[in-house]
$ cat final_1.pdb   # PDB, C-alpha atoms, pLDDT in the B column
ATOM      1  CA  MET A 322     -14.147  21.430  -6.479  1.00 52.00           C
ATOM      2  CA  LEU A 323     -10.417  21.247  -7.112  1.00 52.00           C
ATOM      3  CA  THR A 324      -7.859  22.771  -4.817  1.00 51.00           C
ATOM      4  CA  THR A 325      -4.090  22.606  -4.822  1.00 49.00           C
ATOM      5  CA  THR A 326      -1.321  23.979  -2.698  1.00 46.00           C
ATOM      6  CA  TYR A 327       2.334  23.058  -2.764  1.00 45.00           C
ATOM      7  CA  GLU A 328       5.421  23.814  -0.742  1.00 44.00           C
ATOM      8  CA  GLN A 329       8.898  22.712  -1.750  1.00 43.00           C
ATOM      9  CA  ASP A 330       9.869  21.130   1.560  1.00 48.00           C
ATOM     10  CA  THR A 331      11.581  17.766   1.404  1.00 56.00           C
ATOM     11  CA  GLY A 332      10.824  17.251   5.108  1.00 75.00           C
ATOM     12  CA  LEU A 333       7.125  16.932   4.374  1.00 88.00           C
ATOM     13  CA  ILE A 334       5.160  13.944   3.188  1.00 96.00           C
ATOM     14  CA  ASN A 335       2.838  15.502   0.621  1.00 97.00           C
ATOM     15  CA  VAL A 336      -0.662  14.033   0.402  1.00 98.00           C
ATOM     16  CA  VAL A 337      -3.457  14.443  -2.144  1.00 98.00           C
ATOM     17  CA  ILE A 338      -7.032  13.511  -1.164  1.00 98.00           C
ATOM     18  CA  VAL A 339      -9.471  12.251  -3.806  1.00 97.00           C
ATOM     19  CA  GLU A 340     -12.899  12.005  -2.157  1.00 96.00           C
ATOM     20  CA  ASP A 341     -16.323  13.044  -3.423  1.00 94.00           C
ATOM     21  CA  TYR A 342     -17.901  13.967  -0.064  1.00 93.00           C
ATOM     22  CA  LYS A 343     -16.913  17.466   0.978  1.00 94.00           C
ATOM     23  CA  LEU A 344     -17.417  16.861   4.685  1.00 95.00           C
ATOM     24  CA  THR A 345     -15.115  13.833   4.534  1.00 94.00           C
ATOM     25  CA  ARG A 346     -12.471  15.797   2.610  1.00 95.00           C
ATOM     26  CA  VAL A 347     -12.581  18.622   5.120  1.00 95.00           C
ATOM     27  CA  GLY A 348     -12.306  16.189   8.031  1.00 95.00           C
ATOM     28  CA  LEU A 349      -9.409  14.322   6.461  1.00 96.00           C
ATOM     29  CA  ARG A 350      -7.544  17.507   5.594  1.00 96.00           C
ATOM     30  CA  SER A 351      -7.969  18.870   9.118  1.00 96.00           C
ATOM     31  CA  THR A 352      -6.874  15.601  10.707  1.00 96.00           C
ATOM     32  CA  ILE A 353      -3.898  14.959   8.424  1.00 96.00           C
ATOM     33  CA  ASN A 354      -2.554  18.509   8.683  1.00 95.00           C
ATOM     34  CA  GLU A 355      -2.247  17.966  12.434  1.00 95.00           C
ATOM     35  CA  PHE A 356       0.189  15.107  11.841  1.00 95.00           C
ATOM     36  CA  GLU A 357       3.839  16.083  12.153  1.00 93.00           C
ATOM     37  CA  ASN A 358       5.611  16.453   8.782  1.00 95.00           C
ATOM     38  CA  ILE A 359       2.545  15.390   6.781  1.00 96.00           C
ATOM     39  CA  LYS A 360       0.639  17.939   4.705  1.00 96.00           C
ATOM     40  CA  VAL A 361      -2.361  17.853   2.391  1.00 97.00           C
ATOM     41  CA  VAL A 362      -1.214  19.663  -0.757  1.00 97.00           C
ATOM     42  CA  GLY A 363      -4.253  19.023  -2.915  1.00 97.00           C
ATOM     43  CA  GLU A 364      -7.757  17.626  -2.944  1.00 97.00           C
ATOM     44  CA  ALA A 365     -10.436  16.831  -5.497  1.00 97.00           C
ATOM     45  CA  GLU A 366     -14.020  15.627  -5.561  1.00 96.00           C
ATOM     46  CA  ASP A 367     -13.572  13.247  -8.474  1.00 95.00           C
ATOM     47  CA  ALA A 368     -10.877  11.133 -10.096  1.00 95.00           C
ATOM     48  CA  ILE A 369     -10.491  13.252 -13.236  1.00 95.00           C
ATOM     49  CA  LYS A 370      -9.623  16.375 -11.267  1.00 96.00           C
ATOM     50  CA  GLY A 371      -7.604  14.341  -8.818  1.00 96.00           C
ATOM     51  CA  LEU A 372      -5.430  12.920 -11.582  1.00 97.00           C
ATOM     52  CA  GLU A 373      -4.731  16.437 -12.849  1.00 96.00           C
ATOM     53  CA  ILE A 374      -3.450  17.406  -9.406  1.00 97.00           C
ATOM     54  CA  ILE A 375      -1.446  14.221  -8.966  1.00 97.00           C
ATOM     55  CA  GLN A 376       0.217  14.564 -12.360  1.00 96.00           C
ATOM     56  CA  LYS A 377       1.183  18.141 -11.511  1.00 96.00           C
ATOM     57  CA  LEU A 378       2.335  17.732  -7.912  1.00 96.00           C
ATOM     58  CA  LYS A 379       3.638  14.139  -7.875  1.00 96.00           C
ATOM     59  CA  PRO A 380       2.731  13.664  -4.175  1.00 97.00           C
ATOM     60  CA  GLN A 381       4.313  10.916  -2.113  1.00 97.00           C
ATOM     61  CA  VAL A 382       0.896   9.644  -1.020  1.00 97.00           C
ATOM     62  CA  VAL A 383      -2.634   9.689  -2.464  1.00 98.00           C
ATOM     63  CA  LEU A 384      -5.695   8.947  -0.334  1.00 97.00           C
ATOM     64  CA  MET A 385      -8.212   7.475  -2.767  1.00 97.00           C
ATOM     65  CA  ASP A 386     -11.895   6.712  -2.264  1.00 95.00           C
ATOM     66  CA  LEU A 387     -13.432   3.876  -4.267  1.00 92.00           C
ATOM     67  CA  GLY A 388     -16.940   5.190  -4.964  1.00 90.00           C
ATOM     68  CA  LEU A 389     -16.025   8.196  -7.098  1.00 91.00           C
ATOM     69  CA  PRO A 390     -18.153   9.725  -9.884  1.00 87.00           C
ATOM     70  CA  GLU A 391     -17.124   9.364 -13.555  1.00 85.00           C
ATOM     71  CA  MET A 392     -14.147   7.096 -12.779  1.00 90.00           C
ATOM     72  CA  ASN A 393     -13.994   4.768  -9.787  1.00 91.00           C
ATOM     73  CA  GLY A 394     -11.063   4.526  -7.404  1.00 92.00           C
ATOM     74  CA  ILE A 395      -9.756   1.286  -8.917  1.00 90.00           C
ATOM     75  CA  GLU A 396      -9.401   2.799 -12.386  1.00 91.00           C
ATOM     76  CA  ALA A 397      -8.033   6.014 -10.879  1.00 94.00           C
ATOM     77  CA  THR A 398      -5.359   4.091  -8.966  1.00 93.00           C
ATOM     78  CA  GLN A 399      -4.205   2.435 -12.173  1.00 90.00           C
ATOM     79  CA  LYS A 400      -3.962   5.875 -13.797  1.00 93.00           C
ATOM     80  CA  VAL A 401      -1.996   7.231 -10.836  1.00 95.00           C
ATOM     81  CA  LYS A 402       0.620   4.505 -11.323  1.00 90.00           C
ATOM     82  CA  GLU A 403       0.935   5.547 -14.969  1.00 91.00           C
ATOM     83  CA  LEU A 404       1.062   9.315 -14.402  1.00 94.00           C
ATOM     84  CA  SER A 405       3.086   9.352 -11.187  1.00 94.00           C
ATOM     85  CA  PRO A 406       4.716   5.936 -10.603  1.00 91.00           C
ATOM     86  CA  ASP A 407       6.420   7.005  -7.381  1.00 92.00           C
ATOM     87  CA  SER A 408       3.154   8.131  -5.761  1.00 96.00           C
ATOM     88  CA  LYS A 409       1.813   5.559  -3.293  1.00 95.00           C
ATOM     89  CA  VAL A 410      -1.952   5.049  -3.191  1.00 96.00           C
ATOM     90  CA  ILE A 411      -3.855   4.368   0.014  1.00 96.00           C
ATOM     91  CA  ILE A 412      -7.429   3.240  -0.550  1.00 95.00           C
ATOM     92  CA  LEU A 413      -9.581   4.854   2.155  1.00 94.00           C
ATOM     93  CA  THR A 414     -13.136   3.611   1.871  1.00 90.00           C
ATOM     94  CA  SER A 415     -16.163   2.164   3.631  1.00 89.00           C
ATOM     95  CA  HIS A 416     -16.236  -0.750   1.154  1.00 82.00           C
ATOM     96  CA  ASP A 417     -15.004  -4.073   2.526  1.00 77.00           C
ATOM     97  CA  ARG A 418     -16.185  -6.576  -0.072  1.00 76.00           C
ATOM     98  CA  GLU A 419     -13.591  -9.132  -1.092  1.00 72.00           C
ATOM     99  CA  GLU A 420     -13.698  -8.327  -4.804  1.00 72.00           C
ATOM    100  CA  GLU A 421     -13.072  -4.641  -4.115  1.00 79.00           C
ATOM    101  CA  VAL A 422     -10.134  -5.357  -1.816  1.00 81.00           C
ATOM    102  CA  LEU A 423      -8.527  -7.633  -4.386  1.00 75.00           C
ATOM    103  CA  ALA A 424      -9.221  -5.241  -7.254  1.00 78.00           C
ATOM    104  CA  ALA A 425      -7.641  -2.382  -5.299  1.00 81.00           C
ATOM    105  CA  LEU A 426      -4.502  -4.363  -4.527  1.00 78.00           C
ATOM    106  CA  GLY A 427      -4.319  -5.543  -8.110  1.00 77.00           C
ATOM    107  CA  SER A 428      -4.563  -1.969  -9.382  1.00 83.00           C
ATOM    108  CA  GLY A 429      -1.382  -0.990  -7.566  1.00 86.00           C
ATOM    109  CA  ALA A 430      -2.610   0.356  -4.224  1.00 90.00           C
ATOM    110  CA  SER A 431      -0.125   0.067  -1.366  1.00 90.00           C
ATOM    111  CA  ALA A 432      -2.693   0.054   1.431  1.00 90.00           C
ATOM    112  CA  TYR A 433      -6.382  -0.588   2.010  1.00 91.00           C
ATOM    113  CA  CYS A 434      -7.988   1.213   4.951  1.00 92.00           C
ATOM    114  CA  LEU A 435     -11.566   1.506   6.141  1.00 91.00           C
ATOM    115  CA  LYS A 436     -12.853   4.970   6.991  1.00 91.00           C
ATOM    116  CA  ASP A 437     -13.283   4.197  10.678  1.00 91.00           C
ATOM    117  CA  ILE A 438      -9.489   3.977  10.997  1.00 92.00           C
ATOM    118  CA  ASP A 439      -8.010   5.629  14.069  1.00 92.00           C
ATOM    119  CA  PRO A 440      -6.157   8.896  13.262  1.00 94.00           C
ATOM    120  CA  LYS A 441      -2.947   7.660  14.893  1.00 92.00           C
ATOM    121  CA  THR A 442      -3.069   4.512  12.804  1.00 91.00           C
ATOM    122  CA  LEU A 443      -3.715   6.554   9.654  1.00 95.00           C
ATOM    123  CA  SER A 444      -0.664   8.678  10.447  1.00 95.00           C
ATOM    124  CA  SER A 445       1.451   5.540  10.773  1.00 92.00           C
ATOM    125  CA  VAL A 446       0.060   4.056   7.559  1.00 93.00           C
ATOM    126  CA  ILE A 447       0.832   7.237   5.602  1.00 95.00           C
ATOM    127  CA  ARG A 448       4.410   7.350   6.912  1.00 94.00           C
ATOM    128  CA  ASN A 449       5.115   3.683   6.239  1.00 89.00           C
ATOM    129  CA  VAL A 450       3.489   3.647   2.813  1.00 92.00           C
ATOM    130  CA  ALA A 451       5.498   6.739   1.844  1.00 93.00           C
ATOM    131  CA  LYS A 452       8.625   4.679   2.634  1.00 88.00           C
ATOM    132  CA  GLY A 453       7.472   1.836   0.414  1.00 85.00           C
ATOM    133  CA  ALA A 454       5.681  -0.444   2.866  1.00 83.00           C
ATOM    134  CA  CYS A 455       2.254  -2.046   2.408  1.00 82.00           C
ATOM    135  CA  TRP A 456      -0.648  -2.149   4.858  1.00 85.00           C
ATOM    136  CA  LEU A 457      -4.007  -3.892   5.101  1.00 83.00           C
ATOM    137  CA  ASP A 458      -6.834  -3.132   7.501  1.00 83.00           C
ATOM    138  CA  SER A 459      -7.350  -6.159   9.725  1.00 76.00           C
ATOM    139  CA  ALA A 460     -11.028  -6.143   8.753  1.00 76.00           C
ATOM    140  CA  VAL A 461     -10.145  -6.989   5.142  1.00 76.00           C
ATOM    141  CA  ALA A 462      -7.087  -9.180   5.686  1.00 70.00           C
ATOM    142  CA  GLN A 463      -9.035 -12.373   4.982  1.00 64.00           C
ATOM    143  CA  ALA A 464      -9.907 -11.090   1.526  1.00 61.00           C
ATOM    144  CA  ALA A 465      -6.201 -10.697   0.814  1.00 62.00           C
ATOM    145  CA  LEU A 466      -5.571 -14.282   1.872  1.00 61.00           C
ATOM    146  CA  ASN A 467      -8.043 -15.358  -0.778  1.00 61.00           C
ATOM    147  CA  LEU A 468      -5.657 -14.037  -3.443  1.00 56.00           C
ATOM    148  CA  PHE A 469      -4.266 -17.535  -3.528  1.00 51.00           C
ATOM    149  CA  PRO A 470      -6.133 -20.823  -3.894  1.00 51.00           C
ATOM    150  CA  LYS A 471      -6.724 -22.932  -0.814  1.00 49.00           C
ATOM    151  CA  PRO A 472      -4.489 -26.001  -0.568  1.00 49.00           C
ATOM    152  CA  GLU A 473      -6.146 -29.319  -1.388  1.00 47.00           C
ATOM    153  CA  SER A 474      -4.981 -30.740   1.903  1.00 42.00           C
ATOM    154  CA  THR A 475      -4.811 -29.087   5.314  1.00 40.00           C
ATOM    155  CA  VAL A 476      -2.368 -31.677   6.650  1.00 44.00           C
ATOM    156  CA  LEU A 477       0.758 -29.965   7.965  1.00 43.00           C
ATOM    157  CA  GLN A 478       3.934 -30.986   6.232  1.00 43.00           C
ATOM    158  CA  HIS A 479       7.438 -31.312   7.592  1.00 43.00           C
ATOM    159  CA  SER A 480       9.251 -27.975   7.468  1.00 45.00           C
ATOM    160  CA  SER A 481      11.634 -29.264   4.771  1.00 45.00           C
ATOM    161  CA  ASP A 482       8.654 -29.955   2.498  1.00 42.00           C
ATOM    162  CA  ILE A 483       6.534 -26.882   3.265  1.00 46.00           C
ATOM    163  CA  SER A 484       7.183 -25.025   0.048  1.00 47.00           C
ATOM    164  CA  ASP A 485       9.288 -25.323  -3.055  1.00 63.00           C
ATOM    165  CA  ALA A 486       9.299 -21.538  -3.067  1.00 64.00           C
ATOM    166  CA  ARG A 487      11.065 -21.414   0.285  1.00 68.00           C
ATOM    167  CA  ALA A 488      13.769 -23.727  -0.995  1.00 71.00           C
ATOM    168  CA  GLN A 489      14.449 -21.298  -3.832  1.00 84.00           C
ATOM    169  CA  LEU A 490      15.114 -18.395  -1.475  1.00 88.00           C
ATOM    170  CA  THR A 491      18.591 -17.642  -0.232  1.00 90.00           C
ATOM    171  CA  GLU A 492      19.122 -17.120   3.491  1.00 90.00           C
ATOM    172  CA  ARG A 493      19.339 -13.384   2.943  1.00 92.00           C
ATOM    173  CA  GLU A 494      16.146 -13.345   0.864  1.00 92.00           C
ATOM    174  CA  PHE A 495      14.416 -15.287   3.616  1.00 90.00           C
ATOM    175  CA  GLU A 496      15.469 -12.578   6.091  1.00 91.00           C
ATOM    176  CA  VAL A 497      14.199  -9.879   3.746  1.00 92.00           C
ATOM    177  CA  LEU A 498      10.891 -11.713   3.282  1.00 89.00           C
ATOM    178  CA  ARG A 499      10.337 -11.871   7.043  1.00 85.00           C
ATOM    179  CA  LEU A 500      10.836  -8.119   7.272  1.00 86.00           C
ATOM    180  CA  LEU A 501       8.627  -7.552   4.236  1.00 81.00           C
ATOM    181  CA  VAL A 502       5.829  -9.502   5.948  1.00 77.00           C
ATOM    182  CA  LYS A 503       6.169  -7.113   8.885  1.00 73.00           C
ATOM    183  CA  GLY A 504       5.467  -4.223   6.513  1.00 69.00           C
ATOM    184  CA  LYS A 505       9.017  -2.877   6.436  1.00 77.00           C
ATOM    185  CA  SER A 506      10.005  -0.521   3.629  1.00 79.00           C
ATOM    186  CA  ASN A 507      13.158  -1.026   1.555  1.00 84.00           C
ATOM    187  CA  THR A 508      14.861   1.685   3.597  1.00 85.00           C
ATOM    188  CA  GLU A 509      13.941  -0.012   6.879  1.00 83.00           C
ATOM    189  CA  ILE A 510      15.035  -3.409   5.551  1.00 89.00           C
ATOM    190  CA  ALA A 511      18.363  -1.950   4.458  1.00 91.00           C
ATOM    191  CA  LYS A 512      18.914  -0.358   7.854  1.00 91.00           C
ATOM    192  CA  GLU A 513      18.072  -3.506   9.805  1.00 91.00           C
ATOM    193  CA  LEU A 514      20.219  -5.792   7.642  1.00 93.00           C
ATOM    194  CA  ILE A 515      23.004  -3.205   7.267  1.00 93.00           C
ATOM    195  CA  VAL A 516      22.937  -3.187   3.480  1.00 92.00           C
ATOM    196  CA  SER A 517      22.283  -0.483   0.895  1.00 91.00           C
ATOM    197  CA  VAL A 518      18.739   0.434  -0.136  1.00 89.00           C
ATOM    198  CA  HIS A 519      19.662  -0.667  -3.669  1.00 91.00           C
ATOM    199  CA  THR A 520      20.630  -4.109  -2.356  1.00 92.00           C
ATOM    200  CA  ALA A 521      17.434  -4.387  -0.317  1.00 91.00           C
ATOM    201  CA  LYS A 522      15.365  -3.481  -3.373  1.00 90.00           C
ATOM    202  CA  ALA A 523      17.211  -6.079  -5.457  1.00 91.00           C
ATOM    203  CA  HIS A 524      16.436  -8.763  -2.859  1.00 92.00           C
ATOM    204  CA  VAL A 525      12.749  -7.800  -2.871  1.00 91.00           C
ATOM    205  CA  CYS A 526      12.617  -7.994  -6.679  1.00 90.00           C
ATOM    206  CA  SER A 527      14.245 -11.434  -6.579  1.00 91.00           C
ATOM    207  CA  ILE A 528      11.740 -12.611  -3.960  1.00 90.00           C
ATOM    208  CA  LEU A 529       8.781 -11.462  -6.061  1.00 88.00           C
ATOM    209  CA  GLN A 530      10.170 -13.347  -9.054  1.00 86.00           C
ATOM    210  CA  LYS A 531      10.822 -16.548  -7.123  1.00 86.00           C
ATOM    211  CA  LEU A 532       7.408 -16.508  -5.434  1.00 84.00           C
ATOM    212  CA  CYS A 533       5.721 -15.751  -8.788  1.00 82.00           C
ATOM    213  CA  VAL A 534       3.843 -12.728  -7.449  1.00 79.00           C
ATOM    214  CA  ASP A 535       3.490  -9.164  -8.695  1.00 76.00           C
ATOM    215  CA  ASP A 536       3.934  -7.058  -5.581  1.00 77.00           C
ATOM    216  CA  ARG A 537       4.940  -6.920  -1.919  1.00 77.00           C
ATOM    217  CA  VAL A 538       1.408  -7.483  -0.626  1.00 73.00           C
ATOM    218  CA  GLN A 539       1.014 -10.704  -2.599  1.00 75.00           C
ATOM    219  CA  ALA A 540       4.466 -11.839  -1.463  1.00 80.00           C
ATOM    220  CA  ALA A 541       3.565 -11.263   2.195  1.00 77.00           C
ATOM    221  CA  VAL A 542       0.220 -13.035   1.841  1.00 74.00           C
ATOM    222  CA  LYS A 543       1.776 -16.025   0.075  1.00 76.00           C
ATOM    223  CA  ALA A 544       4.565 -16.243   2.662  1.00 78.00           C
ATOM    224  CA  ILE A 545       2.027 -16.474   5.470  1.00 70.00           C
ATOM    225  CA  LYS A 546      -0.538 -18.675   3.773  1.00 67.00           C
ATOM    226  CA  GLU A 547       1.960 -21.221   2.462  1.00 71.00           C
ATOM    227  CA  ASN A 548       3.994 -21.275   5.695  1.00 72.00           C
ATOM    228  CA  ILE A 549       7.098 -20.043   3.915  1.00 79.00           C
ATOM    229  CA  ILE A 550       8.035 -18.144   7.063  1.00 71.00           C
TER
END
$ encode --input "final_1.pdb" --output "C-alpha cells"
Amino acid sequence: MLTTTYEQDTGLINVVIVEDYKLTRVGLRSTINEFENIKVVGEAEDAIKGLEIIQKLKPQVVLMDLGLPEMNGIEATQKVKELSPDSKVIILTSHDREEEVLAALGSGASAYCLKDIDPKTLSSVIRNVAKGACWLDSAVAQAALNLFPKPESTVLQHSSDISDARAQLTEREFEVLRLLVKGKSNTEIAKELIVSVHTAKAHVCSILQKLCVDDRVQAAVKAIKENII
C-alpha cells in the first residue's frame, strides 16, 4: 500500500509514515492528524515505497520503523538523508537493543522513540525535531551513552582539568552547547542568545568539530558523559 496527499501550507509540519503494519499506520495517522498544525501527507508499508514518497514530497518529518521488509529502517534512513537532506527522521519502533539505537543515530536519525510513547510526547518530539532538535527515549538513553568509551578512571577531576574539549570551546560555544544538550533547535538557540539562526548554526558546527563528533546527539552525549557541562 502506498498513499500520498499533499497540501501547500507552510503552517503545517508535513509527516510521512513508513510502517509495515497497517493497524499501526492507521493508528499513527489518526493520532498525528489530531495534533495542531501537524499533518500526515503520506504513508507506505515498506521502505522502497516510502522513499518514493519522501523524494516527491520532501516532508519535514519522517516516522520510520526499523523492522521493514526488503530494506530495514537503518538503510532507509540513510537513503532519506541522501534523497531529502532537510527531512528529519524519527525512528519509532519497539526495538530497544543498544546496537539498533546506535545504528539508527549513526544513520542520521534525529530521534529514537519506542512505540509506547505518549501521544503528547510524540507531538512535542515531532515539533522539536522539525526545528532541528534531537530527542532520545529515556528507555534507550543508556545505549547512547555507550557511544563513547568509558573512562579508565572514575575519579572526579578538578573542573579546570575535566576536559581538553571544554578548554577549546569559547564562552559563547559553551552557552550553545548547554542549550544543545537541552534539545534546543538552532532557531531556539538563536532566539535565546539573541543572535541570528546563521550564527547559531555556525556555533553548532564549530562545537561538533572541536568535540570530534558527527552530529548534535553525539555532542550532547559527550558533553554529559565527559562532564563538559
$ residues_around --input "final_1.pdb" --residues "Asp417 in chain A" --least-positions-apart "6" --cutoff "10 Å" --atoms "only C-alpha atoms" --output "PyMOL selection string"
chain A and resi 433-435+458+460-462+464
$ closest_residue --input "final_1.pdb" --among "A:Ser415, A:Ala511, A:Asp536, A:Leu423" --to "Asp437 in chain A" --atoms "all atoms listed in the file"
A:Ser415
$ resolve_selection --input "final_1.pdb" --expression "the PyMOL selection byres ((chain A and resi 349-356) around 9)" --output "number ranges by chain"
A: 336, 338, 344-348, 357-361, 364, 440-441, 443-444
$ resolve_selection --input "final_1.pdb" --expression "the PyMOL selection byres ((chain A and resi 422) around 12)" --output "number ranges by chain"
A: 387, 394-395, 411-421, 423-435, 457-468, 538
$ resolve_selection --input "final_1.pdb" --expression "the PyMOL selection byres ((chain A and resi 514-520) around 12)" --output "PyMOL selection string"
chain A and resi 452-453+493-500+505-513+521-527
$ atom_distance --input "final_1.pdb" --atom1 "CA of Pro380 in chain A" --atom2 "CA of Gln539 in chain A"
24.5 Å
$ atom_distance --input "final_1.pdb" --atom1 "CA of Glu391 in chain A" --atom2 "CA of Ile334 in chain A"
28.2 Å
$ residues_around --input "final_1.pdb" --residues "Glu340 in chain A" --least-positions-apart "6" --cutoff "7 Å" --atoms "all atoms listed in the file" --output "NGL selection string"
:A and (346 or 365-367 or 385-386 or 389)
$ atom_distance --input "final_1.pdb" --atom1 "CA of Asp439 in chain A" --atom2 "CA of Gln376 in chain A"
29.1 Å
$ axis_aligned_box --input "final_1.pdb" --around "range 493-511 of chain A" --padding-each-side "6 Å" --output "AutoDock Vina command-line options"
--center_x 12.4 --center_y -6.8 --center_z 4.9 --size_x 25.9 --size_y 29.0 --size_z 20.0
$ residues_around --input "final_1.pdb" --residues "Ala368 in chain A" --least-positions-apart "2" --cutoff "7 Å" --atoms "all atoms listed in the file" --output "tab-separated table (two decimals) with C-alpha atoms, in the frame of the given file"
chain	number	residue	atom	x	y	z
A	339	VAL	CA	-9.47	12.25	-3.81
A	370	LYS	CA	-9.62	16.38	-11.27
A	371	GLY	CA	-7.60	14.34	-8.82
A	372	LEU	CA	-5.43	12.92	-11.58
A	389	LEU	CA	-16.02	8.20	-7.10
A	392	MET	CA	-14.15	7.10	-12.78
A	397	ALA	CA	-8.03	6.01	-10.88
$ closest_residue --input "final_1.pdb" --among "A:Leu501, A:Val410, A:Val337, A:Ala451" --to "Leu378 in chain A" --atoms "only C-alpha atoms"
A:Val337
$ closest_residue --input "final_1.pdb" --among "A:Asp535, A:Leu333, A:Leu384, A:Ile375" --to "Pro406 in chain A" --atoms "only C-alpha atoms"
A:Ile375
$ closest_residue --input "final_1.pdb" --among "A:Ile438, A:Ile374, A:Ile369, A:Ala541" --to "Ala454 in chain A" --atoms "all atoms listed in the file"
A:Ala541
